[in-house]
file protein-v8.txt (compact mmCIF, C-alpha atoms)
# COMPACT_ATOMS: atom_id res chain seq x y z
CA MET A 246 -106.18 41.33 -17.30
CA ASP A 247 -104.21 41.81 -14.09
CA ILE A 248 -103.23 38.12 -14.00
CA THR A 249 -102.08 38.26 -17.63
CA ALA A 250 -99.96 41.33 -16.92
CA ARG A 251 -98.41 39.59 -13.91
CA ARG A 252 -97.59 36.52 -16.00
CA ARG A 253 -95.95 38.68 -18.65
CA GLY A 254 -93.97 40.50 -15.97
CA LEU A 255 -92.84 37.21 -14.42
CA LYS A 256 -91.89 35.82 -17.84
CA LYS A 257 -89.94 38.98 -18.63
CA LEU A 258 -88.16 38.71 -15.27
CA MET A 259 -87.28 35.04 -15.81
CA ASN A 260 -85.87 35.83 -19.27
CA ARG A 261 -83.22 37.90 -17.51
CA PHE A 262 -81.85 34.75 -15.84
CA ASP A 263 -80.50 31.43 -17.07
CA LYS A 264 -83.17 28.86 -16.14
CA LYS A 265 -80.78 25.88 -16.03
CA ILE A 266 -78.60 27.54 -13.39
CA ILE A 267 -81.67 28.52 -11.34
CA VAL A 268 -82.90 24.90 -11.40
CA PHE A 269 -79.42 23.64 -10.52
CA THR A 270 -79.29 26.11 -7.61
CA PHE A 271 -82.55 24.77 -6.12
CA ILE A 272 -81.40 21.17 -6.60
CA ALA A 273 -78.13 22.01 -4.85
CA ILE A 274 -79.97 23.63 -1.92
CA ILE A 275 -82.28 20.61 -1.51
CA SER A 276 -79.28 18.28 -1.79
CA PHE A 277 -77.46 20.25 0.90
CA TRP A 278 -80.43 19.89 3.29
CA LEU A 279 -80.62 16.14 2.65
CA VAL A 280 -76.87 15.54 2.98
CA ASP A 281 -76.65 17.64 6.14
CA THR A 282 -79.64 15.78 7.59
CA PHE A 283 -78.11 12.40 6.70
CA VAL A 284 -74.79 13.32 8.34
CA ASP A 285 -76.60 14.43 11.49
CA TYR A 286 -78.67 11.23 11.41
CA ILE A 287 -75.51 9.12 11.50
CA PHE A 288 -74.39 10.74 14.77
CA HIS A 289 -77.84 10.97 16.41
CA TYR A 290 -79.11 7.42 16.82
CA ASN A 291 -81.95 8.34 19.18
CA GLU A 292 -83.70 10.66 16.68
CA THR A 293 -85.66 9.81 13.56
CA PHE A 294 -84.69 11.12 10.13
CA SER A 295 -87.76 13.39 9.98
CA GLU A 296 -86.93 14.87 13.39
CA ILE A 297 -83.41 15.64 12.27
CA MET A 298 -84.74 17.05 8.99
CA LEU A 299 -86.76 19.60 10.95
CA GLY A 300 -83.78 20.14 13.27
CA SER A 301 -83.24 22.54 16.11
CA PRO A 302 -83.79 26.29 15.67
CA LYS A 303 -80.03 26.77 15.49
CA GLU A 304 -79.69 24.06 12.83
CA ILE A 305 -82.60 25.49 10.83
CA ALA A 306 -81.04 28.97 10.98
CA PHE A 307 -77.69 27.61 9.73
CA ARG A 308 -79.28 25.72 6.84
CA SER A 309 -81.47 28.68 5.91
CA LEU A 310 -78.52 31.09 5.92
CA PHE A 311 -76.49 28.77 3.71
CA SER A 312 -79.45 28.25 1.36
CA ILE A 313 -80.09 32.00 1.02
CA CYS A 314 -76.42 32.70 0.29
CA PHE A 315 -76.30 29.90 -2.27
CA LEU A 316 -79.55 31.11 -3.85
CA ILE A 317 -78.23 34.68 -4.17
CA PHE A 318 -75.04 33.37 -5.77
CA GLY A 319 -77.05 31.18 -8.16
CA ILE A 320 -79.28 34.09 -9.22
CA TYR A 321 -76.25 36.32 -9.78
CA LEU A 322 -74.46 33.62 -11.77
CA SER A 323 -77.54 32.93 -13.90
CA LYS A 324 -77.90 36.63 -14.72
CA VAL A 325 -74.21 36.83 -15.73
CA VAL A 326 -74.59 33.78 -17.99
CA ARG A 327 -77.82 35.14 -19.54
CA ASP A 328 -76.23 38.55 -20.20
CA LEU A 329 -73.23 36.81 -21.76
CA LYS A 330 -75.48 34.76 -24.05
CA ASN A 331 -77.45 37.87 -25.04
CA SER A 332 -74.26 39.80 -25.82
CA GLN A 333 -72.95 36.92 -27.92
CA GLY A 334 -76.25 36.84 -29.83
CA THR A 335 -76.02 40.58 -30.45
CA ILE A 336 -72.41 40.29 -31.62
CA GLY A 337 -73.39 37.43 -33.93
CA LYS A 338 -76.17 39.52 -35.50
CA GLU A 339 -73.85 42.49 -35.94
CA ARG A 340 -71.25 40.28 -37.61
CA LEU A 341 -73.89 38.84 -39.94
CA GLN A 342 -75.11 42.33 -40.86
CA SER A 343 -71.53 43.48 -41.38
CA GLU A 344 -70.83 40.50 -43.63
CA GLU A 345 -73.98 41.18 -45.65
CA GLN A 346 -72.95 44.82 -46.11
CA ARG A 347 -69.46 43.75 -47.14
CA ILE A 348 -70.87 41.36 -49.76
CA LYS A 349 -73.16 44.08 -51.13
CA PHE A 350 -70.30 46.58 -51.22
CA GLU A 351 -68.00 44.16 -53.06
CA SER A 352 -70.78 43.27 -55.49
CA MET A 353 -71.22 46.95 -56.33
CA LEU A 354 -67.47 47.43 -56.84
CA SER A 355 -67.24 44.30 -58.99
CA ALA A 356 -69.98 45.61 -61.25
CA ILE A 357 -68.05 48.83 -61.96
CA GLY A 358 -66.22 48.77 -65.27
CA ASP A 359 -63.14 50.60 -63.94
CA GLY A 360 -60.36 48.94 -61.98
CA ILE A 361 -60.63 49.60 -58.24
CA SER A 362 -58.09 48.83 -55.52
CA ILE A 363 -58.28 49.65 -51.81
CA GLN A 364 -55.09 50.27 -49.82
CA ASP A 365 -54.57 50.74 -46.09
CA PRO A 366 -52.33 53.53 -44.68
CA ASP A 367 -49.33 51.15 -44.96
CA PHE A 368 -50.00 50.86 -48.72
CA LYS A 369 -51.02 47.21 -48.43
CA VAL A 370 -53.75 46.07 -50.80
CA LEU A 371 -57.01 45.31 -48.98
CA TYR A 372 -59.27 44.72 -51.96
CA GLN A 373 -59.37 44.65 -55.77
CA ASN A 374 -62.39 44.30 -57.98
CA ASP A 375 -62.29 41.85 -60.87
CA LYS A 376 -61.41 44.53 -63.40
CA HIS A 377 -58.37 45.63 -61.39
CA LYS A 378 -57.18 42.04 -60.95
CA GLU A 379 -57.37 41.72 -64.72
CA MET A 380 -55.38 44.94 -65.13
CA VAL A 381 -52.50 43.86 -62.85
CA LYS A 382 -52.60 40.16 -63.69
CA GLY A 383 -53.78 38.69 -60.40
CA ASP A 384 -54.89 39.10 -56.80
CA LYS A 385 -52.44 41.28 -54.84
CA LYS A 386 -54.34 41.33 -51.53
CA GLY A 387 -52.03 41.71 -48.51
CA LEU A 388 -49.09 42.89 -50.63
CA TYR A 389 -47.63 46.39 -50.99
CA CYS A 390 -49.14 48.27 -53.90
CA TYR A 391 -45.85 49.91 -54.95
CA GLU A 392 -44.13 46.50 -55.12
CA GLU A 393 -46.89 44.79 -57.07
CA TYR A 394 -48.23 47.62 -59.21
CA ALA A 395 -45.02 49.54 -59.95
CA ASN A 396 -42.27 46.97 -59.25
CA SER A 397 -40.68 49.37 -56.74
CA ASP A 398 -39.20 48.94 -53.24
CA LYS A 399 -40.64 52.23 -51.98
CA VAL A 400 -43.69 54.43 -52.37
CA CYS A 401 -43.83 55.86 -55.87
CA ASP A 402 -42.78 59.46 -56.52
CA ASP A 403 -45.77 61.77 -56.80
CA CYS A 404 -48.01 58.94 -55.52
CA PRO A 405 -51.68 60.04 -55.57
CA VAL A 406 -52.54 57.51 -52.86
CA GLU A 407 -49.99 59.07 -50.53
CA LYS A 408 -51.41 62.51 -51.28
CA SER A 409 -54.92 61.34 -50.41
CA PHE A 410 -53.63 59.82 -47.18
CA LYS A 411 -52.08 63.14 -46.16
CA ASP A 412 -54.77 65.65 -47.03
CA GLY A 413 -57.89 63.48 -47.24
CA LEU A 414 -58.67 64.83 -50.73
CA SER A 415 -58.85 63.30 -54.17
CA ALA A 416 -55.72 63.13 -56.34
CA SER A 417 -54.89 61.90 -59.83
CA ARG A 418 -52.00 61.16 -62.18
CA LEU A 419 -51.18 59.22 -65.34
CA TRP A 420 -49.58 55.82 -64.71
CA PHE A 421 -47.74 53.54 -67.10
CA ASN A 422 -49.19 50.06 -66.73
CA PRO A 423 -46.29 47.59 -67.18
CA PHE A 424 -48.74 44.68 -67.37
CA TRP A 425 -50.63 45.97 -70.39
CA ILE A 426 -47.82 48.27 -71.58
CA ASN A 427 -50.08 51.29 -71.75
CA THR A 428 -50.83 54.44 -69.80
CA VAL A 429 -53.88 54.72 -67.55
CA SER A 430 -55.34 57.53 -65.50
CA ILE A 431 -55.34 56.96 -61.72
CA VAL A 432 -57.83 58.76 -59.46
CA THR A 433 -57.55 58.29 -55.68
CA THR A 434 -60.12 59.17 -53.05
CA ALA A 435 -59.79 59.09 -49.28
CA ILE A 436 -62.39 56.98 -47.50
CA ARG A 437 -62.90 57.54 -43.78
CA ALA A 438 -63.94 54.17 -42.41
CA GLN A 439 -63.47 52.15 -39.22
CA THR A 440 -60.29 50.71 -40.68
CA ARG A 441 -59.33 54.16 -42.04
CA ALA A 442 -58.68 52.51 -45.41
CA ARG A 443 -58.59 54.57 -48.60
CA LEU A 444 -59.96 53.89 -52.04
CA TYR A 445 -57.41 53.75 -54.88

call {"tool": "encode", "arguments": {"input": "protein-v8.txt", "output": "structure tokens"}}
result
Amino acid sequence: MDITARRRGLKKLMNRFDKKIIVFTFIAIISFWLVDTFVDYIFHYNETFSEIMLGSPKEIAFRSLFSICFLIFGIYLSKVVRDLKNSQGTIGKERLQSEEQRIKFESMLSAIGDGISIQDPDFKVLYQNDKHKEMVKGDKKGLYCYEEYANSDKVCDDCPVEKSFKDGLSASRLWFNPFWINTVSIVTTAIRAQTRARLY
């Protein structure tokens, strides 16, 4: 039981680091020892390669210090890379969940029989359901509502959307629809969201 717990603890600890960088760090340390030994071997003809590999106490201390510093750097770098990968995975999941919620939300709005349009505080159209697109003869996303819905170069007089923006409450008015040549009732509601968009 104790061995199993230790294995789980070790596995949990290793998951905090990027294994590829850890392996590369050890390979780099071993390579450094071999290269340093080979360079010393070139200039010390009277000593064997194994003798130089063991080295003097001063040489061993130098190699050990370098190896420890490199190992610490490798562990730190692997943890940074692992944390970055984990954060990217979390962001990806959040984006997927957000996209799923958006699709559900738009599906609900599309199923409503009334025309619905969402404007941002600059009066640009963010969304229309199918019924609203039918009412105004097309997709007006990204365009100014007063230009596309009322053929005006400024915010309409007594605009209910503007009222909802200012006081955060619902507003309503009758509107003459130039596309269908009839009068419709407009009800606006303020929606407090991350984008601070409002529902028209």

call {"tool": "closest_residue", "arguments": {"input": "protein-v8.txt", "among": "A:Ala356, A:Ile436, A:Cys314, A:Leu371", "to": "Phe410 (chain A)", "atoms": "all atoms listed in the file"}}
result
A:Ile436

call {"tool": "closest_residue", "arguments": {"input": "protein-v8.txt", "among": "A:Arg327, A:Ser362, A:Asn374, A:Lys369", "to": "Val432 (chain A)", "atoms": "only C-alpha atoms"}}
result
A:Ser362

call {"tool": "axis_aligned_box", "arguments": {"input": "protein-v8.txt", "around": "region 374-378 of chain A", "padding_each_side": "4 Å", "output": "AutoDock Vina command-line options"}}
result
--center_x -59.8 --center_y 43.7 --center_z -60.7 --size_x 13.2 --size_y 11.8 --size_z 13.4

call {"tool": "atom_distance", "arguments": {"input": "protein-v8.txt", "atom1": "CA of Lys386 (chain A)", "atom2": "CA of Tyr372 (chain A)"}}
result
6.0 Å

call {"tool": "closest_atom_pairs", "arguments": {"input": "protein-v8.txt", "of": "region 297-394 of chain A", "to": "region 401-409 of chain A", "cutoff": "12 Å", "atoms": "all atoms listed in the file", "output": "CSV"}}
result
residue,atom,partner,partner_atom,distance
A:Ser362,CA,A:Val406,CA,10.6
A:Ile363,CA,A:Val406,CA,9.8
A:Gln364,CA,A:Val406,CA,8.3
A:Asp365,CA,A:Val406,CA,9.8
A:Pro366,CA,A:Glu407,CA,8.4
A:Asp367,CA,A:Glu407,CA,9.7
A:Phe368,CA,A:Val406,CA,8.2
A:Lys369,CA,A:Val406,CA,11.3
A:Val370,CA,A:Val406,CA,11.7
A:Tyr389,CA,A:Cys401,CA,11.3
A:Cys390,CA,A:Cys401,CA,9.5
A:Tyr391,CA,A:Cys401,CA,6.4
A:Glu392,CA,A:Cys401,CA,9.4
A:Glu393,CA,A:Cys401,CA,11.5
A:Tyr394,CA,A:Cys401,CA,9.9

call {"tool": "atom_distance", "arguments": {"input": "protein-v8.txt", "atom1": "CA of Asn396 (chain A)", "atom2": "CA of Asp375 (chain A)"}}
result
20.7 Å

call {"tool": "atom_distance", "arguments": {"input": "protein-v8.txt", "atom1": "CA of Ile348 (chain A)", "atom2": "CA of Ser415 (chain A)"}}
result
25.4 Å

call {"tool": "closest_residue", "arguments": {"input": "protein-v8.txt", "among": "A:Ser276, A:Ser352, A:Thr270, A:Ser430", "to": "Ile313 (chain A)", "atoms": "all atoms listed in the file"}}
result
A:Thr270

call {"tool": "closest_residue", "arguments": {"input": "protein-v8.txt", "among": "A:Trp278, A:Lys349, A:Val325, A:Phe421", "to": "Ala306 (chain A)", "atoms": "only C-alpha atoms"}}
result
A:Trp278

call {"tool": "closest_residue", "arguments": {"input": "protein-v8.txt", "among": "A:Val326, A:Ala273, A:Val280, A:Ile287", "to": "Ser312 (chain A)", "atoms": "only C-alpha atoms"}}
result
A:Ala273

call {"tool": "closest_residue", "arguments": {"input": "protein-v8.txt", "among": "A:Lys265, A:Lys338, A:Arg347, A:Arg308", "to": "Ile320 (chain A)", "atoms": "all atoms listed in the file"}}
result
A:Lys265

call {"tool": "residues_around", "arguments": {"input": "protein-v8.txt", "residues": "Leu322 (chain A)", "least_positions_apart": "2", "cutoff": "12 Å", "atoms": "all atoms listed in the file", "output": "PDB file with C-alpha atoms, in the coordinates of the input"}}
result
ATOM      1  CA  ARG A 261     -83.220  37.900 -17.510  1.00  0.00           C
ATOM      2  CA  PHE A 262     -81.850  34.750 -15.840  1.00  0.00           C
ATOM      3  CA  ASP A 263     -80.500  31.430 -17.070  1.00  0.00           C
ATOM      4  CA  LYS A 264     -83.170  28.860 -16.140  1.00  0.00           C
ATOM      5  CA  LYS A 265     -80.780  25.880 -16.030  1.00  0.00           C
ATOM      6  CA  ILE A 266     -78.600  27.540 -13.390  1.00  0.00           C
ATOM      7  CA  ILE A 267     -81.670  28.520 -11.340  1.00  0.00           C
ATOM      8  CA  PHE A 269     -79.420  23.640 -10.520  1.00  0.00           C
ATOM      9  CA  THR A 270     -79.290  26.110  -7.610  1.00  0.00           C
ATOM     10  CA  PHE A 315     -76.300  29.900  -2.270  1.00  0.00           C
ATOM     11  CA  LEU A 316     -79.550  31.110  -3.850  1.00  0.00           C
ATOM     12  CA  ILE A 317     -78.230  34.680  -4.170  1.00  0.00           C
ATOM     13  CA  PHE A 318     -75.040  33.370  -5.770  1.00  0.00           C
ATOM     14  CA  GLY A 319     -77.050  31.180  -8.160  1.00  0.00           C
ATOM     15  CA  ILE A 320     -79.280  34.090  -9.220  1.00  0.00           C
ATOM     16  CA  LYS A 324     -77.900  36.630 -14.720  1.00  0.00           C
ATOM     17  CA  VAL A 325     -74.210  36.830 -15.730  1.00  0.00           C
ATOM     18  CA  VAL A 326     -74.590  33.780 -17.990  1.00  0.00           C
ATOM     19  CA  ARG A 327     -77.820  35.140 -19.540  1.00  0.00           C
ATOM     20  CA  ASP A 328     -76.230  38.550 -20.200  1.00  0.00           C
ATOM     21  CA  LEU A 329     -73.230  36.810 -21.760  1.00  0.00           C
TER      22      LEU A 329
END
